[in-house]
Amino acid sequence: MLKNVVFSHFLCNFALVLVKTEAIVLHTLKYGESKVIVDMFTKSLGRLSFVVSVPKTNKSRVKKQYFQPMTLLEITCEVRQRVQLQKLSDARLLIPYVSIPLSAEKLAISMFVAEFLYHGLRSEQCNEPLFDYIADSVQWLDAAGEGFANFHLTFLMRLSRFLGFYPNLEGYAEQSVFDLRSGCFSMQVPMHHDFLPPQEAKLMMLLMRMDFSTMHLFQLSRHDRHRIMDVLLLYYKQHLPDFPEMKSLAVLQQLW
């Protein structure tokens, strides 16, 4: 009887499920001489990590260039419960990018977004609306001819809606402050130090008015754009524990 219980527990922990799903590459790390570890956000299963053999020839169906950050893939994978690194059976490009690989500005934005999502979605489970938002956003960036300088700011602001802490517009007034902890505007200064004074609260309000189709209408100076990014990072650090510094931010700020 005891043997049967132990065996059943083993099967439950290591049951194999073959899944075909769309995925977004977030991060790739070399693993030994011939493999890489690839972190992806998948549409059907949320965040997953894979160990992938690096192909030595171009004839391989799974190509090394598929694992660049923010690449959209359709993958087939073998998923085992409670296994940290899953096995990738097959991968193909879902939607190839046309302009992102050829534009230094767009490439810098996509690398920053990928790094941000790599940290921000560490424990994210299946969330199809979030996946669609990310996939649609990066396709918008790829198709944009101009007017995308505020893309990363708009993307992060609207991303917070899917993660559950989009700011509350109620209570906004000309001299209100913005409480970073509660995500609310208020005329009362909170008892803690995690808030924005009225002048910077206006930047948050301005950002909440932007979307991809209208953000080119908001003329921001380099200083304003950098300060808004600082405010956004402060806000995310309040709501996502142990959120680190962004290594790719320096490159992005040099371009914008």
# chains A, B, ... in the order shown; residues from 1 in each chain; ligands from 1

call {"tool": "residues_around", "arguments": {"residues": "A:Asp224", "least_positions_apart": "3", "cutoff": "12 Å", "atoms": "only C-alpha atoms", "output": "PDB file with all heavy atoms, in the first residue's frame"}}
result
ATOM      1  N   ASN A 150       7.822  57.793 -26.775  1.00  0.00           N
ATOM      2  CA  ASN A 150       7.214  57.582 -25.459  1.00  0.00           C
ATOM      3  C   ASN A 150       6.651  56.171 -25.291  1.00  0.00           C
ATOM      4  O   ASN A 150       5.902  55.908 -24.344  1.00  0.00           O
ATOM      5  CB  ASN A 150       6.092  58.602 -25.230  1.00  0.00           C
ATOM      6  CG  ASN A 150       6.611  60.021 -25.213  1.00  0.00           C
ATOM      7  OD1 ASN A 150       7.720  60.295 -24.775  1.00  0.00           O
ATOM      8  ND2 ASN A 150       5.799  60.953 -25.712  1.00  0.00           N
ATOM      9  N   LEU A 153       7.287  54.347 -21.891  1.00  0.00           N
ATOM     10  CA  LEU A 153       6.568  54.957 -20.774  1.00  0.00           C
ATOM     11  C   LEU A 153       5.091  54.551 -20.807  1.00  0.00           C
ATOM     12  O   LEU A 153       4.519  54.141 -19.781  1.00  0.00           O
ATOM     13  CB  LEU A 153       6.683  56.478 -20.845  1.00  0.00           C
ATOM     14  CG  LEU A 153       8.096  57.054 -20.916  1.00  0.00           C
ATOM     15  CD1 LEU A 153       8.052  58.568 -21.038  1.00  0.00           C
ATOM     16  CD2 LEU A 153       8.915  56.653 -19.693  1.00  0.00           C
ATOM     17  N   GLN A 199       3.675  68.702  -8.414  1.00  0.00           N
ATOM     18  CA  GLN A 199       4.256  68.888  -9.737  1.00  0.00           C
ATOM     19  C   GLN A 199       4.550  67.555 -10.423  1.00  0.00           C
ATOM     20  O   GLN A 199       4.347  67.397 -11.630  1.00  0.00           O
ATOM     21  CB  GLN A 199       5.548  69.721  -9.631  1.00  0.00           C
ATOM     22  CG  GLN A 199       6.075  70.233 -10.961  1.00  0.00           C
ATOM     23  CD  GLN A 199       5.093  71.160 -11.666  1.00  0.00           C
ATOM     24  OE1 GLN A 199       4.331  71.890 -11.036  1.00  0.00           O
ATOM     25  NE2 GLN A 199       5.092  71.117 -12.999  1.00  0.00           N
ATOM     26  N   GLU A 200       5.025  66.567  -9.657  1.00  0.00           N
ATOM     27  CA  GLU A 200       5.319  65.256 -10.241  1.00  0.00           C
ATOM     28  C   GLU A 200       4.070  64.396 -10.329  1.00  0.00           C
ATOM     29  O   GLU A 200       4.001  63.487 -11.167  1.00  0.00           O
ATOM     30  CB  GLU A 200       6.415  64.571  -9.431  1.00  0.00           C
ATOM     31  CG  GLU A 200       7.746  65.294  -9.552  1.00  0.00           C
ATOM     32  CD  GLU A 200       8.898  64.498  -9.005  1.00  0.00           C
ATOM     33  OE1 GLU A 200       8.685  63.623  -8.142  1.00  0.00           O
ATOM     34  OE2 GLU A 200      10.039  64.739  -9.461  1.00  0.00           O
ATOM     35  N   LYS A 202       1.422  65.497 -11.469  1.00  0.00           N
ATOM     36  CA  LYS A 202       0.917  65.890 -12.784  1.00  0.00           C
ATOM     37  C   LYS A 202       1.522  65.020 -13.881  1.00  0.00           C
ATOM     38  O   LYS A 202       0.854  64.695 -14.873  1.00  0.00           O
ATOM     39  CB  LYS A 202       1.242  67.354 -13.067  1.00  0.00           C
ATOM     40  CG  LYS A 202       0.431  68.353 -12.257  1.00  0.00           C
ATOM     41  CD  LYS A 202       0.814  69.773 -12.644  1.00  0.00           C
ATOM     42  CE  LYS A 202       0.038  70.792 -11.838  1.00  0.00           C
ATOM     43  NZ  LYS A 202       0.414  72.189 -12.204  1.00  0.00           N
ATOM     44  N   LEU A 203       2.791  64.644 -13.721  1.00  0.00           N
ATOM     45  CA  LEU A 203       3.427  63.768 -14.708  1.00  0.00           C
ATOM     46  C   LEU A 203       2.739  62.411 -14.756  1.00  0.00           C
ATOM     47  O   LEU A 203       2.551  61.825 -15.825  1.00  0.00           O
ATOM     48  CB  LEU A 203       4.910  63.593 -14.382  1.00  0.00           C
ATOM     49  CG  LEU A 203       5.805  64.818 -14.527  1.00  0.00           C
ATOM     50  CD1 LEU A 203       7.228  64.487 -14.099  1.00  0.00           C
ATOM     51  CD2 LEU A 203       5.796  65.339 -15.960  1.00  0.00           C
ATOM     52  N   MET A 204       2.374  61.902 -13.589  1.00  0.00           N
ATOM     53  CA  MET A 204       1.663  60.625 -13.540  1.00  0.00           C
ATOM     54  C   MET A 204       0.306  60.748 -14.226  1.00  0.00           C
ATOM     55  O   MET A 204      -0.110  59.874 -14.999  1.00  0.00           O
ATOM     56  CB  MET A 204       1.487  60.185 -12.086  1.00  0.00           C
ATOM     57  CG  MET A 204       0.800  58.844 -11.912  1.00  0.00           C
ATOM     58  SD  MET A 204       1.747  57.452 -12.586  1.00  0.00           S
ATOM     59  CE  MET A 204       3.009  57.264 -11.318  1.00  0.00           C
ATOM     60  N   LEU A 206      -0.474  62.904 -16.551  1.00  0.00           N
ATOM     61  CA  LEU A 206      -0.208  63.044 -17.977  1.00  0.00           C
ATOM     62  C   LEU A 206       0.022  61.688 -18.622  1.00  0.00           C
ATOM     63  O   LEU A 206      -0.494  61.387 -19.704  1.00  0.00           O
ATOM     64  CB  LEU A 206       1.019  63.937 -18.179  1.00  0.00           C
ATOM     65  CG  LEU A 206       1.501  64.160 -19.615  1.00  0.00           C
ATOM     66  CD1 LEU A 206       0.503  65.008 -20.386  1.00  0.00           C
ATOM     67  CD2 LEU A 206       2.876  64.819 -19.620  1.00  0.00           C
ATOM     68  N   LEU A 207       0.791  60.858 -17.960  1.00  0.00           N
ATOM     69  CA  LEU A 207       1.110  59.536 -18.485  1.00  0.00           C
ATOM     70  C   LEU A 207      -0.140  58.673 -18.617  1.00  0.00           C
ATOM     71  O   LEU A 207      -0.272  57.899 -19.579  1.00  0.00           O
ATOM     72  CB  LEU A 207       2.124  58.856 -17.562  1.00  0.00           C
ATOM     73  CG  LEU A 207       2.735  57.537 -18.018  1.00  0.00           C
ATOM     74  CD1 LEU A 207       3.443  57.710 -19.355  1.00  0.00           C
ATOM     75  CD2 LEU A 207       3.715  57.030 -16.973  1.00  0.00           C
ATOM     76  N   PHE A 218       2.089  64.303 -27.151  1.00  0.00           N
ATOM     77  CA  PHE A 218       2.619  64.819 -25.889  1.00  0.00           C
ATOM     78  C   PHE A 218       4.113  65.099 -26.071  1.00  0.00           C
ATOM     79  O   PHE A 218       4.926  64.180 -26.152  1.00  0.00           O
ATOM     80  CB  PHE A 218       2.395  63.808 -24.767  1.00  0.00           C
ATOM     81  CG  PHE A 218       0.944  63.563 -24.466  1.00  0.00           C
ATOM     82  CD1 PHE A 218       0.192  62.674 -25.236  1.00  0.00           C
ATOM     83  CD2 PHE A 218       0.316  64.217 -23.418  1.00  0.00           C
ATOM     84  CE1 PHE A 218      -1.144  62.442 -24.962  1.00  0.00           C
ATOM     85  CE2 PHE A 218      -1.017  63.995 -23.135  1.00  0.00           C
ATOM     86  CZ  PHE A 218      -1.750  63.106 -23.914  1.00  0.00           C
ATOM     87  N   GLN A 219       4.449  66.360 -26.140  1.00  0.00           N
ATOM     88  CA  GLN A 219       5.838  66.759 -26.354  1.00  0.00           C
ATOM     89  C   GLN A 219       6.578  66.785 -25.007  1.00  0.00           C
ATOM     90  O   GLN A 219       6.323  67.645 -24.166  1.00  0.00           O
ATOM     91  CB  GLN A 219       5.891  68.133 -27.013  1.00  0.00           C
ATOM     92  CG  GLN A 219       5.216  68.189 -28.380  1.00  0.00           C
ATOM     93  CD  GLN A 219       5.885  67.257 -29.386  1.00  0.00           C
ATOM     94  OE1 GLN A 219       7.116  67.177 -29.442  1.00  0.00           O
ATOM     95  NE2 GLN A 219       5.083  66.557 -30.176  1.00  0.00           N
ATOM     96  N   LEU A 220       7.459  65.818 -24.803  1.00  0.00           N
ATOM     97  CA  LEU A 220       8.209  65.724 -23.556  1.00  0.00           C
ATOM     98  C   LEU A 220       9.680  66.016 -23.808  1.00  0.00           C
ATOM     99  O   LEU A 220      10.246  65.566 -24.805  1.00  0.00           O
ATOM    100  CB  LEU A 220       8.072  64.318 -22.950  1.00  0.00           C
ATOM    101  CG  LEU A 220       6.665  63.841 -22.582  1.00  0.00           C
ATOM    102  CD1 LEU A 220       6.710  62.408 -22.082  1.00  0.00           C
ATOM    103  CD2 LEU A 220       6.045  64.753 -21.533  1.00  0.00           C
ATOM    104  N   SER A 221      10.287  66.753 -22.906  1.00  0.00           N
ATOM    105  CA  SER A 221      11.725  66.974 -22.982  1.00  0.00           C
ATOM    106  C   SER A 221      12.458  65.724 -22.521  1.00  0.00           C
ATOM    107  O   SER A 221      11.856  64.820 -21.921  1.00  0.00           O
ATOM    108  CB  SER A 221      12.121  68.161 -22.099  1.00  0.00           C
ATOM    109  OG  SER A 221      11.928  67.828 -20.727  1.00  0.00           O
ATOM    110  N   ARG A 227      12.507  61.658 -15.965  1.00  0.00           N
ATOM    111  CA  ARG A 227      11.872  61.742 -14.650  1.00  0.00           C
ATOM    112  C   ARG A 227      10.633  60.863 -14.581  1.00  0.00           C
ATOM    113  O   ARG A 227      10.369  60.220 -13.564  1.00  0.00           O
ATOM    114  CB  ARG A 227      11.514  63.201 -14.314  1.00  0.00           C
ATOM    115  CG  ARG A 227      10.921  63.372 -12.913  1.00  0.00           C
ATOM    116  CD  ARG A 227      11.826  62.770 -11.854  1.00  0.00           C
ATOM    117  NE  ARG A 227      11.172  62.697 -10.556  1.00  0.00           N
ATOM    118  CZ  ARG A 227      11.500  61.833  -9.606  1.00  0.00           C
ATOM    119  NH1 ARG A 227      12.474  60.949  -9.808  1.00  0.00           N
ATOM    120  NH2 ARG A 227      10.866  61.838  -8.445  1.00  0.00           N
ATOM    121  N   ILE A 228       9.859  60.818 -15.661  1.00  0.00           N
ATOM    122  CA  ILE A 228       8.695  59.938 -15.680  1.00  0.00           C
ATOM    123  C   ILE A 228       9.121  58.485 -15.525  1.00  0.00           C
ATOM    124  O   ILE A 228       8.480  57.705 -14.814  1.00  0.00           O
ATOM    125  CB  ILE A 228       7.889  60.140 -16.983  1.00  0.00           C
ATOM    126  CG1 ILE A 228       7.196  61.506 -16.962  1.00  0.00           C
ATOM    127  CG2 ILE A 228       6.855  59.031 -17.153  1.00  0.00           C
ATOM    128  CD1 ILE A 228       6.497  61.847 -18.254  1.00  0.00           C
ATOM    129  N   MET A 229      10.215  58.112 -16.177  1.00  0.00           N
ATOM    130  CA  MET A 229      10.704  56.741 -16.020  1.00  0.00           C
ATOM    131  C   MET A 229      11.115  56.469 -14.576  1.00  0.00           C
ATOM    132  O   MET A 229      10.809  55.402 -14.016  1.00  0.00           O
ATOM    133  CB  MET A 229      11.879  56.505 -16.968  1.00  0.00           C
ATOM    134  CG  MET A 229      12.540  55.124 -16.805  1.00  0.00           C
ATOM    135  SD  MET A 229      11.388  53.743 -16.953  1.00  0.00           S
ATOM    136  CE  MET A 229      10.991  53.831 -18.700  1.00  0.00           C
ATOM    137  N   ASP A 230      11.787  57.420 -13.947  1.00  0.00           N
ATOM    138  CA  ASP A 230      12.162  57.255 -12.536  1.00  0.00           C
ATOM    139  C   ASP A 230      10.921  57.053 -11.669  1.00  0.00           C
ATOM    140  O   ASP A 230      10.909  56.200 -10.766  1.00  0.00           O
ATOM    141  CB  ASP A 230      12.936  58.477 -12.045  1.00  0.00           C
ATOM    142  CG  ASP A 230      14.326  58.582 -12.658  1.00  0.00           C
ATOM    143  OD1 ASP A 230      14.834  57.564 -13.159  1.00  0.00           O
ATOM    144  OD2 ASP A 230      14.892  59.691 -12.633  1.00  0.00           O
ATOM    145  N   VAL A 231       9.883  57.837 -11.936  1.00  0.00           N
ATOM    146  CA  VAL A 231       8.643  57.728 -11.167  1.00  0.00           C
ATOM    147  C   VAL A 231       7.988  56.361 -11.388  1.00  0.00           C
ATOM    148  O   VAL A 231       7.521  55.713 -10.440  1.00  0.00           O
ATOM    149  CB  VAL A 231       7.676  58.864 -11.566  1.00  0.00           C
ATOM    150  CG1 VAL A 231       6.265  58.582 -11.058  1.00  0.00           C
ATOM    151  CG2 VAL A 231       8.183  60.195 -11.025  1.00  0.00           C
ATOM    152  N   GLN A 253      18.113  55.650 -22.218  1.00  0.00           N
ATOM    153  CA  GLN A 253      18.090  57.082 -21.906  1.00  0.00           C
ATOM    154  C   GLN A 253      19.109  57.874 -22.729  1.00  0.00           C
ATOM    155  O   GLN A 253      18.929  59.059 -22.955  1.00  0.00           O
ATOM    156  CB  GLN A 253      18.325  57.293 -20.407  1.00  0.00           C
ATOM    157  CG  GLN A 253      17.152  56.799 -19.562  1.00  0.00           C
ATOM    158  CD  GLN A 253      17.316  57.102 -18.094  1.00  0.00           C
ATOM    159  OE1 GLN A 253      18.428  57.173 -17.569  1.00  0.00           O
ATOM    160  NE2 GLN A 253      16.204  57.265 -17.395  1.00  0.00           N
ATOM    161  N   TRP A 256      17.023  58.472 -25.929  1.00  0.00           N
ATOM    162  CA  TRP A 256      15.829  59.295 -25.792  1.00  0.00           C
ATOM    163  C   TRP A 256      16.055  60.340 -24.703  1.00  0.00           C
ATOM    164  O   TRP A 256      15.392  60.330 -23.709  1.00  0.00           O
ATOM    165  CB  TRP A 256      14.602  58.434 -25.460  1.00  0.00           C
ATOM    166  CG  TRP A 256      14.336  57.413 -26.516  1.00  0.00           C
ATOM    167  CD1 TRP A 256      14.462  56.060 -26.417  1.00  0.00           C
ATOM    168  CD2 TRP A 256      13.888  57.663 -27.868  1.00  0.00           C
ATOM    169  NE1 TRP A 256      14.135  55.445 -27.609  1.00  0.00           N
ATOM    170  CE2 TRP A 256      13.781  56.413 -28.512  1.00  0.00           C
ATOM    171  CE3 TRP A 256      13.584  58.829 -28.570  1.00  0.00           C
ATOM    172  CZ2 TRP A 256      13.358  56.294 -29.827  1.00  0.00           C
ATOM    173  CZ3 TRP A 256      13.184  58.701 -29.883  1.00  0.00           C
ATOM    174  CH2 TRP A 256      13.063  57.450 -30.499  1.00  0.00           C
TER     175      TRP A 256
END

call {"tool": "atom_distance", "arguments": {"atom1": "atom CA of A:Gly147", "atom2": "atom CA of A:Leu233"}}
result
22.7 Å

call {"tool": "closest_residue", "arguments": {"among": "A:Pro69, A:Gly120, A:Pro244, A:Gly32", "to": "A:Leu156", "atoms": "only C-alpha atoms"}}
result
A:Gly120

call {"tool": "closest_atom_pairs", "arguments": {"of": "stretch 223-256 of chain A", "to": "stretch 99-119 of chain A", "cutoff": "8 Å", "atoms": "only C-alpha atoms", "output": "CSV"}}
result
residue,atom,partner,partner_atom,distance
A:Phe243,CA,A:His119,CA,6.7
A:Pro244,CA,A:His119,CA,7.6
A:Met246,CA,A:Phe116,CA,7.1
A:Ser248,CA,A:Phe112,CA,5.4
A:Leu249,CA,A:Phe112,CA,6.4
A:Val251,CA,A:Ala108,CA,6.8
A:Leu252,CA,A:Ala108,CA,5.6
A:Leu255,CA,A:Glu105,CA,6.6

call {"tool": "write_last_selection", "arguments": {"atoms": "N, CA, C and O atoms", "output": "compact mmCIF listing (two decimals), in the first residue's frame"}}
result
# COMPACT_ATOMS: atom_id res chain seq x y z
N PHE A 243 12.20 44.30 -6.80
CA PHE A 243 12.38 44.67 -8.20
C PHE A 243 13.74 45.34 -8.35
O PHE A 243 14.03 46.32 -7.67
N PRO A 244 14.61 44.84 -9.25
CA PRO A 244 15.99 45.33 -9.33
C PRO A 244 16.15 46.57 -10.20
O PRO A 244 15.19 47.04 -10.83
N MET A 246 17.36 48.41 -13.59
CA MET A 246 17.34 47.99 -14.98
C MET A 246 18.69 48.30 -15.65
O MET A 246 19.06 49.46 -15.81
N SER A 248 19.52 47.86 -18.76
CA SER A 248 19.36 48.40 -20.12
C SER A 248 18.84 49.83 -20.13
O SER A 248 18.76 50.45 -21.19
N LEU A 249 18.51 50.38 -18.97
CA LEU A 249 17.92 51.72 -18.92
C LEU A 249 18.90 52.79 -19.39
O LEU A 249 18.50 53.75 -20.06
N VAL A 251 21.24 52.70 -21.67
CA VAL A 251 21.29 52.76 -23.14
C VAL A 251 20.04 53.45 -23.68
O VAL A 251 20.11 54.30 -24.58
N LEU A 252 18.89 53.11 -23.12
CA LEU A 252 17.64 53.70 -23.56
C LEU A 252 17.63 55.20 -23.35
O LEU A 252 17.21 55.97 -24.23
N LEU A 255 19.56 57.33 -25.89
CA LEU A 255 18.89 57.52 -27.17
C LEU A 255 17.70 58.46 -27.09
O LEU A 255 17.40 59.16 -28.04

call {"tool": "residues_around", "arguments": {"residues": "A:Thr21", "least_positions_apart": "3", "cutoff": "8 Å", "atoms": "only C-alpha atoms", "output": "ChimeraX atom specification"}}
result
/A:42-44,74-76

call {"tool": "select_by_dssp", "arguments": {"residues": "stretch 41-256 of chain A", "states": "strand (DSSP E or B)", "output": "ChimeraX atom specification"}}
result
/A:41-42,46-53,72-80,86-93,168,177-179,184-186,195-196

call {"tool": "write_last_selection", "arguments": {"atoms": "C-alpha atoms", "output": "mmCIF file, in the first residue's frame"}}
result
data_model
loop_
_atom_site.group_PDB
_atom_site.id
_atom_site.type_symbol
_atom_site.label_atom_id
_atom_site.label_comp_id
_atom_site.auth_asym_id
_atom_site.auth_seq_id
_atom_site.Cartn_x
_atom_site.Cartn_y
_atom_site.Cartn_z
ATOM 1 C CA PHE A 41 6.044 34.175 -21.055
ATOM 2 C CA THR A 42 3.582 31.781 -22.673
ATOM 3 C CA GLY A 46 2.360 31.783 -18.035
ATOM 4 C CA ARG A 47 6.043 32.083 -17.177
ATOM 5 C CA LEU A 48 8.229 29.071 -18.017
ATOM 6 C CA SER A 49 11.949 28.376 -18.340
ATOM 7 C CA PHE A 50 13.400 25.985 -20.916
ATOM 8 C CA VAL A 51 16.728 24.331 -21.529
ATOM 9 C CA VAL A 52 17.378 24.363 -25.271
ATOM 10 C CA SER A 53 20.114 22.739 -27.318
ATOM 11 C CA LEU A 72 7.133 36.014 -30.743
ATOM 12 C CA LEU A 73 7.103 32.240 -31.141
ATOM 13 C CA GLU A 74 4.772 29.309 -31.428
ATOM 14 C CA ILE A 75 6.272 26.509 -29.369
ATOM 15 C CA THR A 76 5.587 22.888 -28.539
ATOM 16 C CA CYS A 77 6.921 21.858 -25.153
ATOM 17 C CA GLU A 78 6.917 19.000 -22.716
ATOM 18 C CA VAL A 79 5.769 20.396 -19.378
ATOM 19 C CA ARG A 80 6.391 18.547 -16.131
ATOM 20 C CA GLN A 86 11.148 22.380 -19.201
ATOM 21 C CA LYS A 87 11.983 20.713 -22.518
ATOM 22 C CA LEU A 88 11.270 22.523 -25.779
ATOM 23 C CA SER A 89 10.197 20.129 -28.530
ATOM 24 C CA ASP A 90 9.692 22.605 -31.363
ATOM 25 C CA ALA A 91 9.627 26.355 -32.070
ATOM 26 C CA ARG A 92 8.793 28.539 -35.035
ATOM 27 C CA LEU A 93 8.486 32.263 -35.590
ATOM 28 C CA ASN A 168 -6.905 55.360 -9.374
ATOM 29 C CA VAL A 177 -0.195 64.441 -4.350
ATOM 30 C CA PHE A 178 0.149 60.871 -5.600
ATOM 31 C CA ASP A 179 0.490 58.100 -3.025
ATOM 32 C CA CYS A 184 -4.252 57.113 -5.467
ATOM 33 C CA PHE A 185 -4.285 60.894 -5.776
ATOM 34 C CA SER A 186 -5.099 62.832 -2.621
ATOM 35 C CA PHE A 195 4.468 59.903 -2.515
ATOM 36 C CA LEU A 196 4.872 62.388 -5.372
#
